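Enquirer: Here's a structure for you.
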Amino acid sequence: EAGVAQSPRYKIIEKRQSVAFWCNPISGHATLYWYQQILGQGPKLLIQFQNNGVVDDSQLPKDRFSAERLKGVDSTLKIQPAKLEDSAVYLCASREAGTDTQYFGPGTRLTVL
Amino acid sequence: ILNVEQSPQSLHVQEGDSTNFTCSFPSSNFYALHWYRWETAKSPEALFVMTLNGDEKKKGRISATLNTKEGYSYLYIKGSQPEDSATYLCAFYNSGAGSYQLTFGKGTKLSVIP
């Protein structure tokens with residue numbers, strides 16, 4: 001079974017530029033999560049989708065971050081404009097309905113200069 | 001705000017040593033405690049999901065215990081090997097949270113010296 005795919009793996013941008021990350025969850029997993037992991041911290045939930053609907057985006061900085069999961073499968077997370085403090089690893093995870101385990105992708109490491 | 005604490009932050013051990021780390025979490029509204037292993041440049045890998053007080057789970061040389069009344073879990077590695085070098089994350093889910101969301105600790109970074 002294929003795991004969660006993310007791209008790109010690494011991205012370096014200047015502050016005030018825009019960036020987008022892509023996630024393809026495990027086939028059939030209805031729930032998709034985006035996390036931000038800043039160096040020295042644990043992963044922090046940004047947004048949770050159930051199929052193509054948002055369950056919780058209370059910790060998403062909506063002035064600059066946006067996310068969508070239009071067809072209930074792939075998802076994109078965008079930052080516009082980026083700030084220095086957005087430098088982090090962005091992890092995507094998916095979970096099958098009725099189960100507890102979240103399966104993670106390898107993450108995208110973003111560096112904002 | 002839920003607080004999940006892990007200790008130590010980092011650990012260096014010699015190959016063959018056994019080691020253990022701690023995860024502390026709120027004891028009220030407990031539902032589940034997850035352990036993940038995260039190797040550099042790879043995906044975090046699920047190790048255990050623990051739900052019952054007194055639970056003990058094992059996967060090869062790695063085992064974990066759970067005490068929900070006092071709010072802690074221990075992860076043990078017996079006879080550490082260089083391939084065990086990784087960051088070990090615990091994550092807590094509380095039943096009052098509604099949708100299934102995990103609160104993560106900062107992790108324990110283990111380095112096994114050959």
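Ordered as shown in the structure tokens, chains take letters A, B, and onward, while each chain numbers its residues from 1 and ligands are numbered from 1 in the order shown.
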As a PDB file with N, CA, C and O atoms, in the first residue's frame, please: the residues near Gly72 in chain A (cut-off 10 Å, only C-alpha atoms, same-chain neighbours under 2 positions excluded).
Expert:
ATOM      1  N   PRO A  25      -2.997  11.749   0.088  1.00  0.00           N
ATOM      2  CA  PRO A  25      -3.130  10.824   1.218  1.00  0.00           C
ATOM      3  C   PRO A  25      -3.229   9.377   0.751  1.00  0.00           C
ATOM      4  O   PRO A  25      -3.315   9.090  -0.439  1.00  0.00           O
ATOM      5  N   GLY A  28      -8.483   6.139   0.062  1.00  0.00           N
ATOM      6  CA  GLY A  28      -9.606   5.756   0.914  1.00  0.00           C
ATOM      7  C   GLY A  28      -9.637   6.419   2.273  1.00  0.00           C
ATOM      8  O   GLY A  28     -10.614   6.262   3.014  1.00  0.00           O
ATOM      9  N   HIS A  29      -8.581   7.167   2.608  1.00  0.00           N
ATOM     10  CA  HIS A  29      -8.566   7.853   3.910  1.00  0.00           C
ATOM     11  C   HIS A  29      -9.353   9.151   3.805  1.00  0.00           C
ATOM     12  O   HIS A  29      -8.984  10.057   3.065  1.00  0.00           O
ATOM     13  N   ALA A  30     -10.415   9.239   4.591  1.00  0.00           N
ATOM     14  CA  ALA A  30     -11.306  10.391   4.497  1.00  0.00           C
ATOM     15  C   ALA A  30     -10.750  11.629   5.208  1.00  0.00           C
ATOM     16  O   ALA A  30     -11.026  12.754   4.824  1.00  0.00           O
ATOM     17  N   THR A  31      -9.964  11.406   6.258  1.00  0.00           N
ATOM     18  CA  THR A  31      -9.494  12.531   7.077  1.00  0.00           C
ATOM     19  C   THR A  31      -8.059  12.881   6.702  1.00  0.00           C
ATOM     20  O   THR A  31      -7.203  11.996   6.577  1.00  0.00           O
ATOM     21  N   LEU A  32      -7.818  14.165   6.516  1.00  0.00           N
ATOM     22  CA  LEU A  32      -6.480  14.651   6.156  1.00  0.00           C
ATOM     23  C   LEU A  32      -6.119  15.804   7.077  1.00  0.00           C
ATOM     24  O   LEU A  32      -6.966  16.663   7.386  1.00  0.00           O
ATOM     25  N   PHE A  49      -9.251  18.179   7.539  1.00  0.00           N
ATOM     26  CA  PHE A  49     -10.322  17.984   6.565  1.00  0.00           C
ATOM     27  C   PHE A  49     -10.990  16.634   6.794  1.00  0.00           C
ATOM     28  O   PHE A  49     -10.340  15.647   7.138  1.00  0.00           O
ATOM     29  N   GLN A  50     -12.304  16.604   6.567  1.00  0.00           N
ATOM     30  CA  GLN A  50     -13.032  15.348   6.469  1.00  0.00           C
ATOM     31  C   GLN A  50     -13.616  15.344   5.063  1.00  0.00           C
ATOM     32  O   GLN A  50     -14.476  16.163   4.746  1.00  0.00           O
ATOM     33  N   ASN A  51     -13.123  14.418   4.224  1.00  0.00           N
ATOM     34  CA  ASN A  51     -13.433  14.466   2.786  1.00  0.00           C
ATOM     35  C   ASN A  51     -13.046  15.849   2.265  1.00  0.00           C
ATOM     36  O   ASN A  51     -11.909  16.259   2.448  1.00  0.00           O
ATOM     37  N   ASN A  52     -13.948  16.618   1.662  1.00  0.00           N
ATOM     38  CA  ASN A  52     -13.534  17.925   1.151  1.00  0.00           C
ATOM     39  C   ASN A  52     -13.978  19.068   2.045  1.00  0.00           C
ATOM     40  O   ASN A  52     -13.852  20.245   1.671  1.00  0.00           O
ATOM     41  N   GLY A  53     -14.462  18.763   3.248  1.00  0.00           N
ATOM     42  CA  GLY A  53     -14.900  19.794   4.180  1.00  0.00           C
ATOM     43  C   GLY A  53     -13.901  20.036   5.294  1.00  0.00           C
ATOM     44  O   GLY A  53     -13.213  19.112   5.718  1.00  0.00           O
ATOM     45  N   GLU A  68      -6.832  23.736   0.762  1.00  0.00           N
ATOM     46  CA  GLU A  68      -8.033  23.205   0.136  1.00  0.00           C
ATOM     47  C   GLU A  68      -7.868  21.723  -0.156  1.00  0.00           C
ATOM     48  O   GLU A  68      -6.753  21.218  -0.284  1.00  0.00           O
ATOM     49  N   ARG A  69      -9.012  21.065  -0.280  1.00  0.00           N
ATOM     50  CA  ARG A  69      -9.055  19.643  -0.612  1.00  0.00           C
ATOM     51  C   ARG A  69     -10.312  19.464  -1.468  1.00  0.00           C
ATOM     52  O   ARG A  69     -11.295  18.908  -1.053  1.00  0.00           O
ATOM     53  N   LEU A  70     -10.225  19.986  -2.683  1.00  0.00           N
ATOM     54  CA  LEU A  70     -11.414  20.187  -3.510  1.00  0.00           C
ATOM     55  C   LEU A  70     -12.189  18.911  -3.813  1.00  0.00           C
ATOM     56  O   LEU A  70     -13.401  18.893  -3.748  1.00  0.00           O
ATOM     57  N   ASP A  74      -6.547  14.776  -2.892  1.00  0.00           N
ATOM     58  CA  ASP A  74      -5.333  15.582  -2.731  1.00  0.00           C
ATOM     59  C   ASP A  74      -5.650  16.883  -2.017  1.00  0.00           C
ATOM     60  O   ASP A  74      -6.781  17.387  -2.058  1.00  0.00           O
ATOM     61  N   SER A  75      -4.609  17.446  -1.403  1.00  0.00           N
ATOM     62  CA  SER A  75      -4.764  18.731  -0.730  1.00  0.00           C
ATOM     63  C   SER A  75      -3.555  19.607  -1.019  1.00  0.00           C
ATOM     64  O   SER A  75      -2.451  19.106  -1.257  1.00  0.00           O
TER      65      SER A  75
END
Enquirer: Pull out every residue of chain A sitting within 7 Å of chain B, counting only C-alpha atoms, and send them as number ranges by chain.
Expert: A: 40-43, 104-107
Enquirer: If you count only C-alpha atoms, which residues fall within 7 Å of Ala67 in chain A, apart from same-chain ones fewer than 6 positions away, as a list in words?
Expert: Thr76, Leu77 and Lys78 of chain A
Enquirer: Next, the residues of the selection above should be written as a short mmCIF file (atom, residue, chain, number, x, y, z; two decimals), in the first residue's frame with N, CA, C and O atoms.
Expert:
data_model
loop_
_atom_site.label_atom_id
_atom_site.label_comp_id
_atom_site.auth_asym_id
_atom_site.auth_seq_id
_atom_site.Cartn_x
_atom_site.Cartn_y
_atom_site.Cartn_z
N THR A 76 -3.79 20.93 -1.04
CA THR A 76 -2.68 21.87 -1.14
C THR A 76 -2.75 22.85 0.03
O THR A 76 -3.84 23.23 0.47
N LEU A 77 -1.58 23.23 0.51
CA LEU A 77 -1.44 24.23 1.56
C LEU A 77 -0.61 25.37 0.96
O LEU A 77 0.44 25.11 0.37
N LYS A 78 -1.10 26.59 1.09
CA LYS A 78 -0.41 27.74 0.50
C LYS A 78 -0.08 28.76 1.57
O LYS A 78 -0.86 28.98 2.50
#
Enquirer: In Å to one decimal, how far is CA of Ser28 in chain B from CA of Asn94 in chain B?
Expert: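 These atoms are spaced 7.9 Å apart.
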Enquirer: Using only C-alpha atoms, determine which residues lie at most 12 Å from Ser87 in chain A, disregarding the query and same-chain residues fewer than 6 positions distant; provide the list as a ChimeraX atom specification.
Expert: /A:10-15,19,36-39,79,108-113
Enquirer: Using only C-alpha atoms, determine which residues lie at most 12 Å from Ala64 in chain B, disregarding the query and same-chain residues fewer than 6 positions distant; provide the list as a list of chain:residue names.
Expert: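 Near Ala64 in chain B, the qualifying residues are B:Thr19, B:Asn20, B:Phe21, B:Thr22, B:Cys23, B:Leu33, B:His34, B:Trp35, B:Tyr36, B:Leu47, B:Phe48, B:Val49, B:Met50, B:Thr51, B:Asn53, B:Gly54, B:Asp55, B:Glu56, B:Lys57, B:Lys58, B:Tyr72, B:Ser73, B:Tyr74, B:Leu75, B:Tyr76, B:Ile77, B:Lys78, B:Tyr88, B:Cys90.
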Enquirer: Hey, can you spit out that residue selection with C-alpha atoms as a compact mmCIF listing (two decimals), in the first residue's frame?
Expert:
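The file below, again.txt, is the result:
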# COMPACT_ATOMS: atom_id res chain seq x y z
CA THR B 19 17.16 3.22 27.51
CA ASN B 20 13.79 4.71 28.31
CA PHE B 21 11.98 8.03 27.98
CA THR B 22 8.88 9.58 29.46
CA CYS B 23 5.74 11.22 28.13
CA LEU B 33 -1.77 7.98 23.67
CA HIS B 34 0.27 7.52 20.48
CA TRP B 35 4.01 6.93 20.06
CA TYR B 36 5.78 7.75 16.79
CA LEU B 47 4.78 2.66 16.87
CA PHE B 48 1.93 2.21 19.33
CA VAL B 49 -1.59 3.40 20.11
CA MET B 50 -2.37 2.89 23.79
CA THR B 51 -5.80 3.27 25.31
CA ASN B 53 -4.61 2.00 31.91
CA GLY B 54 -1.86 -0.54 32.56
CA ASP B 55 -1.50 -1.27 28.84
CA GLU B 56 1.85 -2.66 27.79
CA LYS B 57 2.75 -3.00 24.11
CA LYS B 58 5.82 -4.45 22.42
CA TYR B 72 2.41 9.17 31.95
CA SER B 73 3.76 6.66 29.46
CA TYR B 74 7.23 5.15 29.22
CA LEU B 75 8.95 3.99 26.04
CA TYR B 76 11.73 1.42 26.48
CA ILE B 77 14.36 0.34 23.97
CA LYS B 78 16.30 -2.78 24.84
CA TYR B 88 10.46 9.71 19.42
CA CYS B 90 4.25 11.02 21.86
Enquirer: What does the distance between CA of Ile47 in chain A and CA of Leu2 in chain B come to in Å, to one decimal place?
Expert: 17.3 Å
Enquirer: Give me, as a PyMOL selection string, the residues of chain B that a backbone DSSP run labels strand (DSSP E).
Expert: chain B and resi 5-7+10-14+19-24+30-38+45-50+56-59+62-67+72-77+86-94+103-104+108-113
Enquirer: State, in Å with one decimal place, the distance from CA of Arg64 in chain A to CA of Phe92 in chain B.
Expert: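 That distance, rounded to one decimal, is 28.3 Å.
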